[in-house]
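Asker: Pasting a structure here, questions to come.
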Amino acid sequence: MDLIVTADYAALSRTAADRIAETIAANPTAAIVAATGDTPMGAYRELAARRRRDAIRTDRLRVFQLDEYLGIGPEDRRSLYGWMERAFLAPLGIPAARVVRLNGTASDLAATCRAYDETVCAAGGFDLAILGLGPNGHLGFNEPPTAPDAPTRVVDLTPESVASNARYWGDPEEVPRRALTAGMEVLLAARQTLLLVSGASKRAILHRVVDGPAVSDVPASLLQRSAGVTILADEAAWGVNSAVGGG
Ligand code: F6R
């Protein structure tokens, strides 16, 4: 894993946008799985600005939804698809036909998950995974403990994730308790991964991801065994006095 520590969130977002733009330039039809959550929003805004200046072309990407709450349709304000649509798909002009959804209201959820993994496989795997780090080390909604070969599936959210996600809607009661998540297996196999981490609240878990052993109890630490992983952290997350390792 490579680790890049930036001075602040703005620099983290610009550096992430640079990396994503390089991937898109080299492969305009790249298969990208893109997180919601707060951390990647600055990078997405930066990419949208570059698109408005015609500096990048994004409309031929294939975009995969990372996760979704169970029983929540796209019109629900809590929908992660809706969030992805507002923050990523619409500003980057990616047509719905080029998006692979995880439908939390599907009648056959097992079939939805199987079809998702088959579609990732048919695409040749993810060219790029843009991920955030959960306060408990989750990736997508791969909650601890998650085995490295876990498929795309229905999961129960941990109390920690429910509490953390309550900040998006202001009330823990609003947070659905179950979700669909892209599986650990397809995420760990991505050819390139950007793990974006910002803020002092992520410092302890980030150090477990980077310095600790690769264990299922910290799902993101399993990235240590994958190729092409870059962690982009700001100084608030990494700590100004921590040595930068990586490699
Ligand atoms: C979002 C997702 C989550 C978040 C993680 C960090 O689609 O899958 O794993 O990336 O919880 O969230 P933020 O960036 O809000 O701290």
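Following the order of the structure tokens, chains are lettered A, B, ..., residues in each are numbered from 1, and ligands are numbered from 1.
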Using only C-alpha atoms and all ligand atoms, which residues of chain A come within 9 Å of ligand 1, and what is the closest atom pair for each, with the distance in Å to one decimal? Give it as a tab-separated table, sorted by chain and residue number.
Answerer:
residue	atom	partner	partner_atom_place_in_ligand_line	distance
A:Ala34	CA	ligand 1	7 (O)	7.3
A:Ala35	CA	ligand 1	7 (O)	3.9
A:Thr36	CA	ligand 1	7 (O)	3.7
A:Gly37	CA	ligand 1	15 (O)	3.5
A:Asp38	CA	ligand 1	15 (O)	3.7
A:Thr39	CA	ligand 1	14 (O)	3.7
A:Pro40	CA	ligand 1	14 (O)	6.4
A:Met41	CA	ligand 1	14 (O)	8.2
A:Gln65	CA	ligand 1	7 (O)	8.1
A:Leu66	CA	ligand 1	7 (O)	5.8
A:Asp67	CA	ligand 1	7 (O)	5.6
A:Glu68	CA	ligand 1	7 (O)	7.7
A:Leu80	CA	ligand 1	7 (O)	6.8
A:Met84	CA	ligand 1	7 (O)	8.4
A:Ile130	CA	ligand 1	10 (O)	8.7
A:Leu131	CA	ligand 1	10 (O)	5.5
A:Gly132	CA	ligand 1	10 (O)	3.4
A:Leu133	CA	ligand 1	6 (C)	4.5
A:Gly134	CA	ligand 1	11 (O)	3.8
A:Pro135	CA	ligand 1	11 (O)	6.6
A:Asn136	CA	ligand 1	11 (O)	8.5
A:Gly137	CA	ligand 1	11 (O)	8.4
A:His138	CA	ligand 1	9 (O)	5.8
A:Leu139	CA	ligand 1	9 (O)	4.6
A:Gly140	CA	ligand 1	8 (O)	3.2
A:Phe141	CA	ligand 1	9 (O)	5.4
A:Asn142	CA	ligand 1	9 (O)	7.7
A:Glu143	CA	ligand 1	9 (O)	8.9
A:Ser161	CA	ligand 1	11 (O)	7.1
A:Ser164	CA	ligand 1	11 (O)	7.5
A:Asn165	CA	ligand 1	11 (O)	7.3
A:Arg167	CA	ligand 1	15 (O)	8.8
A:Tyr168	CA	ligand 1	15 (O)	8.2
A:Thr181	CA	ligand 1	8 (O)	7.7
A:Ala182	CA	ligand 1	8 (O)	8.9
A:Leu195	CA	ligand 1	10 (O)	8.8
A:Leu196	CA	ligand 1	14 (O)	7.6
A:Val197	CA	ligand 1	14 (O)	7.2
A:Ser198	CA	ligand 1	16 (O)	7.4
A:Gly199	CA	ligand 1	16 (O)	8.6
A:Lys202	CA	ligand 1	16 (O)	8.0
Asker: As a VMD selection string, please: every residue in segment 68-142 of chain A that a backbone DSSP assignment puts in helix (DSSP H, G or I).
Answerer: chain A and resid 80 to 89 96 to 98 109 to 122
Asker: Check which residues of segment 92-161 of chain A sit at most 10 Å from segment 19-24 of chain A using only C-alpha atoms, and return one row each with the closest pair of atoms and their distance in Å to one decimal, ordered by chain and rising number, as JSON lines.
Answerer:
{"residue": "A:Asp127", "atom": "CA", "partner": "A:Thr23", "partner_atom": "CA", "distance": 8.3}
{"residue": "A:Leu128", "atom": "CA", "partner": "A:Thr23", "partner_atom": "CA", "distance": 7.8}
{"residue": "A:Ala129", "atom": "CA", "partner": "A:Ile20", "partner_atom": "CA", "distance": 9.7}
{"residue": "A:Ile130", "atom": "CA", "partner": "A:Ile20", "partner_atom": "CA", "distance": 8.6}
Asker: So which residues touch Val120 of chain A within 9 Å, counting only C-alpha atoms, skipping near sequence neighbours fewer than 4 positions away, as a PyMOL selection string?
Answerer: chain A and resi 31+64+100+115-116+124-126+186
Asker: Export, as a compact mmCIF listing (two decimals), in the first residue's frame, the selected residues with N, CA, C and O atoms.
Answerer:
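Listed below is the output, part30.txt:
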# COMPACT_ATOMS: atom_id res chain seq x y z
N ALA A 31 -14.17 0.75 -15.41
CA ALA A 31 -15.22 0.31 -14.48
C ALA A 31 -14.84 0.83 -13.10
O ALA A 31 -13.81 0.45 -12.54
N PHE A 64 -20.28 1.59 -10.84
CA PHE A 64 -20.95 0.59 -9.99
C PHE A 64 -21.26 1.21 -8.64
O PHE A 64 -20.39 1.82 -8.02
N VAL A 100 -24.37 0.45 -12.84
CA VAL A 100 -24.84 -0.82 -12.28
C VAL A 100 -25.27 -0.56 -10.85
O VAL A 100 -24.45 -0.21 -10.00
N ALA A 115 -26.18 -11.21 -9.51
CA ALA A 115 -26.09 -10.52 -10.81
C ALA A 115 -25.03 -9.42 -10.76
O ALA A 115 -24.29 -9.21 -11.72
N TYR A 116 -24.93 -8.75 -9.62
CA TYR A 116 -23.93 -7.68 -9.47
C TYR A 116 -22.52 -8.27 -9.61
O TYR A 116 -21.70 -7.77 -10.39
N GLY A 124 -14.57 -7.51 -16.26
CA GLY A 124 -13.15 -7.74 -16.04
C GLY A 124 -12.68 -7.25 -14.69
O GLY A 124 -11.49 -7.04 -14.47
N GLY A 125 -13.61 -7.03 -13.76
CA GLY A 125 -13.24 -6.52 -12.43
C GLY A 125 -13.24 -4.99 -12.45
O GLY A 125 -13.38 -4.36 -13.50
N PHE A 126 -13.10 -4.42 -11.27
CA PHE A 126 -13.06 -2.95 -11.17
C PHE A 126 -11.68 -2.44 -11.60
O PHE A 126 -10.65 -2.96 -11.15
N VAL A 186 -14.70 -8.63 -4.57
CA VAL A 186 -14.58 -7.79 -5.77
C VAL A 186 -13.84 -6.48 -5.45
O VAL A 186 -13.12 -5.95 -6.28
Asker: Which residues, written as a ChimeraX atom specification, have at least one atom at most 6 Å from Val63 of chain A, with only C-alpha atoms counted and residues fewer than 2 positions away on the same chain left out?
Answerer: /A:31-33,99
Asker: I need the residues from that last selection saved to file as a PDB file, in the first residue's frame (with N, CA, C and O atoms), if you can.
Answerer:
ATOM      1  N   ALA A  31     -14.167   0.749 -15.412  1.00  0.00           N
ATOM      2  CA  ALA A  31     -15.217   0.306 -14.481  1.00  0.00           C
ATOM      3  C   ALA A  31     -14.843   0.831 -13.098  1.00  0.00           C
ATOM      4  O   ALA A  31     -13.811   0.449 -12.536  1.00  0.00           O
ATOM      5  N   ILE A  32     -15.677   1.711 -12.568  1.00  0.00           N
ATOM      6  CA  ILE A  32     -15.361   2.402 -11.318  1.00  0.00           C
ATOM      7  C   ILE A  32     -16.447   2.135 -10.285  1.00  0.00           C
ATOM      8  O   ILE A  32     -17.635   2.281 -10.579  1.00  0.00           O
ATOM      9  N   VAL A  33     -16.048   1.735  -9.094  1.00  0.00           N
ATOM     10  CA  VAL A  33     -17.000   1.653  -7.987  1.00  0.00           C
ATOM     11  C   VAL A  33     -16.726   2.858  -7.096  1.00  0.00           C
ATOM     12  O   VAL A  33     -15.574   3.146  -6.750  1.00  0.00           O
ATOM     13  N   VAL A  99     -24.674   2.692 -15.498  1.00  0.00           N
ATOM     14  CA  VAL A  99     -24.571   2.517 -14.046  1.00  0.00           C
ATOM     15  C   VAL A  99     -25.116   1.147 -13.650  1.00  0.00           C
ATOM     16  O   VAL A  99     -26.186   0.745 -14.110  1.00  0.00           O
TER      17      VAL A  99
END
Asker: Please report, as number ranges by chain, each residue of segment 170-208 of chain A to which DSSP assigns strand (DSSP E or B) when run on this structure's backbone.
Answerer: A: 178-181, 193-197
Asker: Which is closer to Arg153 of chain A than all the others in A:Phe88, A:Trp238, A:Tyr69, A:Tyr44, using only C-alpha atoms?
Answerer: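 Ranking A:Phe88, A:Trp238, A:Tyr69, A:Tyr44 by distance to Arg153 of chain A, first place goes to A:Tyr69.
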Asker: Atom CA of Ser221 of chain A and atom CA of Leu194 of chain A are how many Å apart?
Answerer: 13.5 Å
Asker: Env of Glu46 of chain A: 12 Å cut, atoms = only C-alpha atoms, seq-sep filter 5 positions within chain, self excluded. Answer as a ChimeraX atom specification.
Answerer: /A:10-21,40-41,51-53,55-56,87-88,91-92
Asker: For the atom pair atom CA of Ala30 of chain A and atom CA of Leu232 of chain A, what is the interatomic distance in Å to one decimal place?
Answerer: 20.6 Å
Asker: Out of A:Ile72, A:Ala106, A:Leu206, A:Ala49, which residue has the shortest atom-to-atom distance to Gly93 of chain A when counting only C-alpha atoms?
Answerer: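 Closest to Gly93 of chain A, using only C-alpha atoms: A:Ala49.
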Asker: Go through A:Ala200, A:Cys121, A:Ala163, A:Asp211 and flag the residue nearest Glu185 of chain A, using only C-alpha atoms for the distances.
Answerer: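 Among the listed residues, A:Cys121 lies closest to Glu185 of chain A.
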Asker: Write out as a VMD selection string each polymer residue whose atoms come within 8 Å of Pro28 of chain A, counting only C-alpha atoms; drop sequence neighbours fewer than 3 positions from it.
Answerer: chain A and resid 23 to 25 57 to 58 60 to 61
